[in-house]
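The block underneath contains the structure these notes are about, expressed in structure tokens.
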Amino acid sequence: MKKILLIAAVSLIGVAASAQKFAHVNFQELVQLMPESDQARAVIQESQKNAQESYQEMMNEFQDKYAKYQQNVNSYTPATRKSKEDELTQIQQRIQEFSQNVEQELQEQQQQLMEPIYKKAQDKMNEIAKAGGYIYVFDRGSLLYIDEAQSTDITGECRKALGIPESRTLESLQAELAAQAQAAAAAN
């Protein structure tokens, strides 16, 4: 009797294990192609542009004052020379502090803008996984091997749920970003 129950239990476990469903998704592709990511990239690019302009203004101020200092250094009294050198040092320190602060602020801004995008993608993927009865969904970007016959790719379903057009790919996104970069370089 015990043997029969044991055999039945092992059989049920085997059947249950074979009935489990696995899926995979390219999560980074989803996040990068979402329309919200385009908006976040635009905000970040504008912030970077503004920071670069501020940095350039500070550098121009330093270079102008340094050139003026170099022209007149021999005519300065020791007190004036020290004052001008201190002023140049202060400008350099401001530039260095600005660079460090703006880099940190830009990283924080990117994190704040991307966090809700990641959450939205995760939530949609979770909905699709639950509706499909999948017990595991693996991120394709972090796997070395996937047996396509035993795992379902739900990237397309997630793309549709997130409003990503079928024609939009990572390659088309890279082309868009390259064209924007060229246009910005030509404008400068």
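Residues in the structure tokens are numbered from 1 in each chain, the chains being A, B, ... in the order shown, and ligands are numbered from 1 in the order shown.
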
Please list as a list in words every residue within 12 Å of A:Glu29, counting only C-alpha atoms and excluding residues in the same chain fewer than 4 positions away.
Val25, Leu33, Met34, Ser37, Tyr118, Ala121, Asp139, Arg140, Gly141, Thr155, Gly156, Cys158, Arg159, Leu162, Ile164, Arg168, Thr169, Leu170, Glu171, Ser172, Leu173 and Gln174 of chain A

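Going from atom CA of A:Phe62 over to atom CA of A:Ile91, you cover 6.4 Å.
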
Backbone-only DSSP, alpha helix (DSSP H) members of stretch 9-187 of chain A, as a PyMOL selection string
chain A and resi 9-18+27-33+35-72+78-132+155-161+170-187

Write out as a list in words all residues of chain A that DSSP puts in strand (DSSP E) for this structure's backbone.
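Filtering chain A to strand (DSSP E) leaves Phe22, Ala23, His24, Val25, Tyr136, Val137, Phe138, Asp139, Ser151, Thr152 and Asp153 of chain A.
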
Dump as a PDB file, in the first residue's frame, selection limited to N, CA, C and O atoms:
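Just written: again_28.pdb:
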ATOM      1  N   PHE A  22       7.544  27.920 -18.542  1.00  0.00           N
ATOM      2  CA  PHE A  22       8.633  28.890 -18.398  1.00  0.00           C
ATOM      3  C   PHE A  22       8.555  29.879 -19.554  1.00  0.00           C
ATOM      4  O   PHE A  22       8.149  29.540 -20.660  1.00  0.00           O
ATOM      5  N   ALA A  23       8.958  31.109 -19.269  1.00  0.00           N
ATOM      6  CA  ALA A  23       8.969  32.142 -20.302  1.00  0.00           C
ATOM      7  C   ALA A  23      10.250  32.948 -20.174  1.00  0.00           C
ATOM      8  O   ALA A  23      10.938  32.909 -19.160  1.00  0.00           O
ATOM      9  N   HIS A  24      10.535  33.688 -21.224  1.00  0.00           N
ATOM     10  CA  HIS A  24      11.666  34.608 -21.189  1.00  0.00           C
ATOM     11  C   HIS A  24      11.259  35.894 -21.906  1.00  0.00           C
ATOM     12  O   HIS A  24      10.328  35.914 -22.703  1.00  0.00           O
ATOM     13  N   VAL A  25      11.970  36.955 -21.561  1.00  0.00           N
ATOM     14  CA  VAL A  25      11.660  38.266 -22.106  1.00  0.00           C
ATOM     15  C   VAL A  25      12.959  39.055 -22.210  1.00  0.00           C
ATOM     16  O   VAL A  25      13.878  38.850 -21.423  1.00  0.00           O
ATOM     17  N   TYR A 136       7.961  30.873 -14.043  1.00  0.00           N
ATOM     18  CA  TYR A 136       9.204  31.646 -14.076  1.00  0.00           C
ATOM     19  C   TYR A 136       9.258  32.426 -15.381  1.00  0.00           C
ATOM     20  O   TYR A 136       8.873  31.916 -16.434  1.00  0.00           O
ATOM     21  N   VAL A 137       9.757  33.666 -15.283  1.00  0.00           N
ATOM     22  CA  VAL A 137      10.070  34.447 -16.474  1.00  0.00           C
ATOM     23  C   VAL A 137      11.514  34.888 -16.314  1.00  0.00           C
ATOM     24  O   VAL A 137      11.868  35.543 -15.341  1.00  0.00           O
ATOM     25  N   PHE A 138      12.325  34.500 -17.265  1.00  0.00           N
ATOM     26  CA  PHE A 138      13.747  34.816 -17.229  1.00  0.00           C
ATOM     27  C   PHE A 138      14.044  35.999 -18.142  1.00  0.00           C
ATOM     28  O   PHE A 138      13.414  36.161 -19.183  1.00  0.00           O
ATOM     29  N   ASP A 139      15.012  36.800 -17.754  1.00  0.00           N
ATOM     30  CA  ASP A 139      15.448  37.920 -18.584  1.00  0.00           C
ATOM     31  C   ASP A 139      16.467  37.396 -19.585  1.00  0.00           C
ATOM     32  O   ASP A 139      17.522  36.897 -19.216  1.00  0.00           O
ATOM     33  N   SER A 151      10.678  27.111 -23.419  1.00  0.00           N
ATOM     34  CA  SER A 151      10.438  28.431 -22.842  1.00  0.00           C
ATOM     35  C   SER A 151       9.783  29.305 -23.894  1.00  0.00           C
ATOM     36  O   SER A 151      10.193  29.312 -25.048  1.00  0.00           O
ATOM     37  N   THR A 152       8.789  30.054 -23.492  1.00  0.00           N
ATOM     38  CA  THR A 152       8.046  30.917 -24.403  1.00  0.00           C
ATOM     39  C   THR A 152       8.588  32.339 -24.322  1.00  0.00           C
ATOM     40  O   THR A 152       8.755  32.886 -23.233  1.00  0.00           O
ATOM     41  N   ASP A 153       8.843  32.925 -25.481  1.00  0.00           N
ATOM     42  CA  ASP A 153       9.296  34.313 -25.526  1.00  0.00           C
ATOM     43  C   ASP A 153       8.062  35.218 -25.458  1.00  0.00           C
ATOM     44  O   ASP A 153       7.232  35.218 -26.363  1.00  0.00           O
TER      45      ASP A 153
END

Test item: residues at most 8 Å from stretch 39-54 of chain A, only C-alpha atoms, excluding those fewer than 6 positions along its chain, as a list of chain:residue names
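Here the answer would be A:Val102, A:Leu106, A:Gln109, A:Gln110, A:Leu113, A:Met114.
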
Go ahead and write the residues just picked, C-alpha atoms, as a PDB file, in the first residue's frame.
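Output contents, as saved in out03.pdb:
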ATOM      1  CA  VAL A 102      26.194  68.082 -11.964  1.00  0.00           C
ATOM      2  CA  LEU A 106      22.276  63.961 -13.755  1.00  0.00           C
ATOM      3  CA  GLN A 109      17.663  62.596 -12.471  1.00  0.00           C
ATOM      4  CA  GLN A 110      18.093  59.636 -14.805  1.00  0.00           C
ATOM      5  CA  LEU A 113      12.960  59.347 -14.591  1.00  0.00           C
ATOM      6  CA  MET A 114      13.659  55.689 -15.360  1.00  0.00           C
TER       7      MET A 114
END

Point out the residue among A:Glu148, A:Glu176, A:Asp123, A:Asp86 with the least atom-to-atom distance to A:Ala161, counting only C-alpha atoms.
A:Asp123
